[in-house]
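Participant: This is entry.txt (compact mmCIF, C-alpha atoms).
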```
# COMPACT_ATOMS: atom_id res chain seq x y z
CA VAL A 1 87.20 95.21 94.03
CA LYS A 2 87.02 92.95 91.01
CA ASN A 3 88.31 89.62 92.30
CA ILE A 4 89.16 87.32 89.40
CA GLY A 5 89.96 84.34 91.59
CA ILE A 6 93.75 84.24 91.29
CA PRO A 7 96.37 86.11 93.30
CA ILE A 8 98.02 88.86 91.27
CA VAL A 9 101.17 90.78 92.16
CA ILE A 10 102.09 93.83 90.10
CA VAL A 11 105.88 94.17 89.92
CA ALA A 12 107.29 97.58 89.07
CA THR A 13 110.85 96.92 87.94
CA LYS A 14 113.62 99.51 87.78
CA SER A 15 111.87 101.57 90.43
CA ASP A 16 115.03 103.64 90.81
CA THR A 17 114.07 105.42 87.56
CA LEU A 18 110.89 106.81 89.17
CA LYS A 19 112.58 109.78 90.77
CA GLY A 20 111.08 113.23 90.51
CA ARG A 21 107.70 114.83 90.69
CA HIS A 22 105.86 112.11 88.76
CA ASP A 23 106.76 109.17 91.03
CA ASP A 24 103.81 109.84 93.37
CA VAL A 25 101.37 109.88 90.45
CA VAL A 26 102.80 106.63 89.08
CA GLN A 27 102.61 105.02 92.51
CA GLN A 28 99.04 106.23 93.06
CA THR A 29 98.01 104.87 89.66
CA LEU A 30 99.64 101.48 90.25
CA ARG A 31 98.11 101.23 93.72
CA SER A 32 94.66 102.10 92.34
CA VAL A 33 94.93 99.44 89.61
CA ALA A 34 96.18 96.89 92.16
CA LEU A 35 93.30 97.76 94.49
CA LYS A 36 90.76 97.28 91.68
CA PHE A 37 91.86 93.66 91.23
CA GLY A 38 92.81 92.91 94.83
CA ALA A 39 96.43 92.62 93.72
CA GLY A 40 99.66 93.27 95.54
CA LEU A 41 102.31 95.78 94.46
CA VAL A 42 106.08 95.42 94.72
CA TYR A 43 108.73 97.86 93.51
CA THR A 44 112.05 96.23 92.63
CA SER A 45 115.42 97.71 91.76
CA ALA A 46 118.59 95.70 91.42
CA GLU A 47 120.58 98.89 91.14
CA TRP A 48 119.99 100.28 94.64
CA ARG A 49 118.12 97.77 96.68
CA GLU A 50 118.73 94.11 96.21
CA GLU A 51 116.47 93.46 99.18
CA THR A 52 113.47 94.52 97.06
CA ILE A 53 114.05 91.52 94.82
CA GLU A 54 114.50 89.33 97.90
CA THR A 55 111.20 90.68 99.27
CA LEU A 56 109.46 89.75 96.02
CA MET A 57 110.94 86.25 95.99
CA GLN A 58 109.97 85.62 99.62
CA TYR A 59 106.43 86.88 99.07
CA VAL A 60 105.89 84.79 95.92
CA THR A 61 107.14 81.63 97.67
CA HIS A 62 104.89 82.50 100.61
CA ARG A 63 101.85 82.82 98.33
CA LEU A 64 102.67 79.74 96.22
CA TYR A 65 103.95 77.32 98.86
CA GLY A 66 102.73 78.69 102.20
CA PHE A 67 106.18 79.43 103.63
CA ASP A 68 106.40 81.92 106.48
CA TYR A 69 106.65 85.56 105.51
CA ARG A 70 108.03 87.94 108.11
CA ASN A 71 108.70 91.21 106.24
CA LYS A 72 106.63 94.28 107.12
CA VAL A 73 104.56 96.39 104.79
CA GLU A 74 106.74 99.28 103.66
CA ASP A 75 104.44 101.45 101.61
CA MET A 76 105.59 104.90 102.69
CA VAL A 77 109.09 104.84 101.18
CA ASN A 78 108.96 105.62 97.46
CA ASP A 79 112.01 103.56 96.57
CA GLN A 80 110.94 100.41 98.42
CA ILE A 81 107.25 99.68 98.18
CA PHE A 82 105.66 96.41 99.20
CA ILE A 83 101.90 96.11 99.45
CA PRO A 84 100.53 92.58 99.95
CA LEU A 85 97.36 91.30 98.35
CA GLY A 86 94.26 92.84 99.90
CA TRP A 87 96.13 95.26 102.19
CA ASP A 88 95.54 98.59 100.41
CA THR A 89 92.38 100.69 100.59
CA LYS A 90 91.07 103.79 98.80
CA GLN A 91 91.40 105.71 102.05
CA LEU A 92 95.09 104.79 102.40
CA ILE A 93 95.83 105.78 98.81
CA LYS A 94 93.94 109.06 99.15
CA GLY A 95 95.42 109.86 102.55
CA VAL A 96 99.00 109.35 101.44
CA TYR A 97 98.62 111.35 98.23
CA GLU A 98 96.37 114.28 99.03
CA GLY A 99 99.14 116.71 98.11
CA THR A 100 100.20 115.18 94.79
CA TYR A 101 99.93 116.73 91.35
CA GLY A 102 96.90 116.07 89.19
CA LEU A 103 97.20 114.59 85.71
CA LYS A 104 96.70 118.00 84.10
CA ASP A 105 99.86 119.22 85.89
CA LEU A 106 101.94 116.47 84.28
CA PHE A 107 101.49 117.91 80.81
CA GLN A 108 102.35 121.55 81.58
```
Represent the structure contained in this file as structure tokens.

Facilitator:
Amino acid sequence: VKNIGIPIVIVATKSDTLKGRHDDVVQQTLRSVALKFGAGLVYTSAEWREETIETLMQYVTHRLYGFDYRNKVEDMVNDQIFIPLGWDTKQLIKGVYEGTYGLKDLFQ
């Protein structure tokens, strides 16, 4: 983990467009990048899930101002992903995605 001293949250907007066989690869890549920097990851989509934007707003106010945060980590549902700072591990990423396509399969 390369901690740069500030909390980072990666926000994947329009997550509803990530349907299909490539969504697992995109998620695995984003989670790996977030893990490298100790960052969090949030998928948002105003089209299907307004609560994803609410989750992001609550988490940012929690991190900035110390307000209570009561939502649970929901990392197993592709359309609603929330991974707080420092929660993810290589083992979790690998365990969830052992059956996904490799990068070479994306270009065939």

Participant: Which residue gives the smallest distance to Lys36 (chain A) among A:Ile53, A:Val73, A:Ala12, A:Leu85, with all atoms listed in the file counted?

Facilitator: A:Leu85

Participant: Using only C-alpha atoms, which of the listed residues (A:Lys2, A:Lys14, A:Ser32, A:Val9) sits closest to Ile93 (chain A)?

Facilitator: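 Ranked by minimum distance to Ile93 (chain A), first place goes to A:Ser32.
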
Participant: Hey, what's within 10 Å of Asp88 (chain A) if we count all atoms listed in the file and toss same-chain stuff fewer than 5 positions away? As a list in words, please?

Facilitator: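 The contact residues come out as Arg31, Ser32, Ala34, Leu35, Gly38, Ala39, Gly40, Leu41, Asp75, Ile83 and Ile93 of chain A.
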
Participant: With C-alpha atoms kept, could you save the residues just selected as a PDB file, in the frame of the given file?

Facilitator:
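Final output, saved to result_13.pdb:
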```pdb
ATOM      1  CA  ARG A  31      98.110 101.230  93.720  1.00  0.00           C
ATOM      2  CA  SER A  32      94.660 102.100  92.340  1.00  0.00           C
ATOM      3  CA  ALA A  34      96.180  96.890  92.160  1.00  0.00           C
ATOM      4  CA  LEU A  35      93.300  97.760  94.490  1.00  0.00           C
ATOM      5  CA  GLY A  38      92.810  92.910  94.830  1.00  0.00           C
ATOM      6  CA  ALA A  39      96.430  92.620  93.720  1.00  0.00           C
ATOM      7  CA  GLY A  40      99.660  93.270  95.540  1.00  0.00           C
ATOM      8  CA  LEU A  41     102.310  95.780  94.460  1.00  0.00           C
ATOM      9  CA  ASP A  75     104.440 101.450 101.610  1.00  0.00           C
ATOM     10  CA  ILE A  83     101.900  96.110  99.450  1.00  0.00           C
ATOM     11  CA  ILE A  93      95.830 105.780  98.810  1.00  0.00           C
TER      12      ILE A  93
END
```

Participant: To one decimal place in Å, what is the distance between CA of Thr52 (chain A) and CA of Lys90 (chain A)?

Facilitator: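 Interatomic distance, CA of Thr52 (chain A) to CA of Lys90 (chain A): 24.3 Å.
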
Participant: Just to confirm, what's the straight-line distance from CA of Lys94 (chain A) to CA of Gly5 (chain A) in Å (one decimal)?

Facilitator: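 Straight-line distance from CA of Lys94 (chain A) to CA of Gly5 (chain A) works out to 26.2 Å.
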
Participant: I'd like to know which of A:Gln80, A:Thr29, A:Asn71, A:Asn3 is closest to Glu50 (chain A), using all atoms listed in the file.

Facilitator: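 For Glu50 (chain A), the nearest of the candidates is A:Gln80.
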
Participant: Please report the interatomic distance between CA of Thr89 (chain A) and CA of Leu56 (chain A) in Å with one decimal.

Facilitator: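 Computing it gives 20.8 Å between the two atoms.
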
Participant: Out of A:Ala46, A:Val33, A:Ile4, A:Val11, which residue has the shortest atom-to-atom distance to Ile81 (chain A) when counting all atoms listed in the file?

Facilitator: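 Going through A:Ala46, A:Val33, A:Ile4, A:Val11 one by one, the smallest distance to Ile81 (chain A) is for A:Val11.
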
Participant: Name the closest residue to Lys72 (chain A) among the candidates A:Thr55, A:Asp16, A:Gly86, A:Ile8; distances are taken between atoms, counting all atoms listed in the file.

Facilitator: A:Thr55

Participant: Any idea what's packed within 12 Å of Leu64 (chain A), counting only C-alpha atoms, ignoring anything in its chain fewer than 3 positions away? Could you give it as a ChimeraX atom specification?

Facilitator: /A:6-9,57-61,67-69

Participant: So that I have them on file, write out the residues from the current selection with C-alpha atoms, as a PDB file, in the frame of the given file.

Facilitator:
```pdb
ATOM      1  CA  ILE A   6      93.750  84.240  91.290  1.00  0.00           C
ATOM      2  CA  PRO A   7      96.370  86.110  93.300  1.00  0.00           C
ATOM      3  CA  ILE A   8      98.020  88.860  91.270  1.00  0.00           C
ATOM      4  CA  VAL A   9     101.170  90.780  92.160  1.00  0.00           C
ATOM      5  CA  MET A  57     110.940  86.250  95.990  1.00  0.00           C
ATOM      6  CA  GLN A  58     109.970  85.620  99.620  1.00  0.00           C
ATOM      7  CA  TYR A  59     106.430  86.880  99.070  1.00  0.00           C
ATOM      8  CA  VAL A  60     105.890  84.790  95.920  1.00  0.00           C
ATOM      9  CA  THR A  61     107.140  81.630  97.670  1.00  0.00           C
ATOM     10  CA  PHE A  67     106.180  79.430 103.630  1.00  0.00           C
ATOM     11  CA  ASP A  68     106.400  81.920 106.480  1.00  0.00           C
ATOM     12  CA  TYR A  69     106.650  85.560 105.510  1.00  0.00           C
TER      13      TYR A  69
END
```
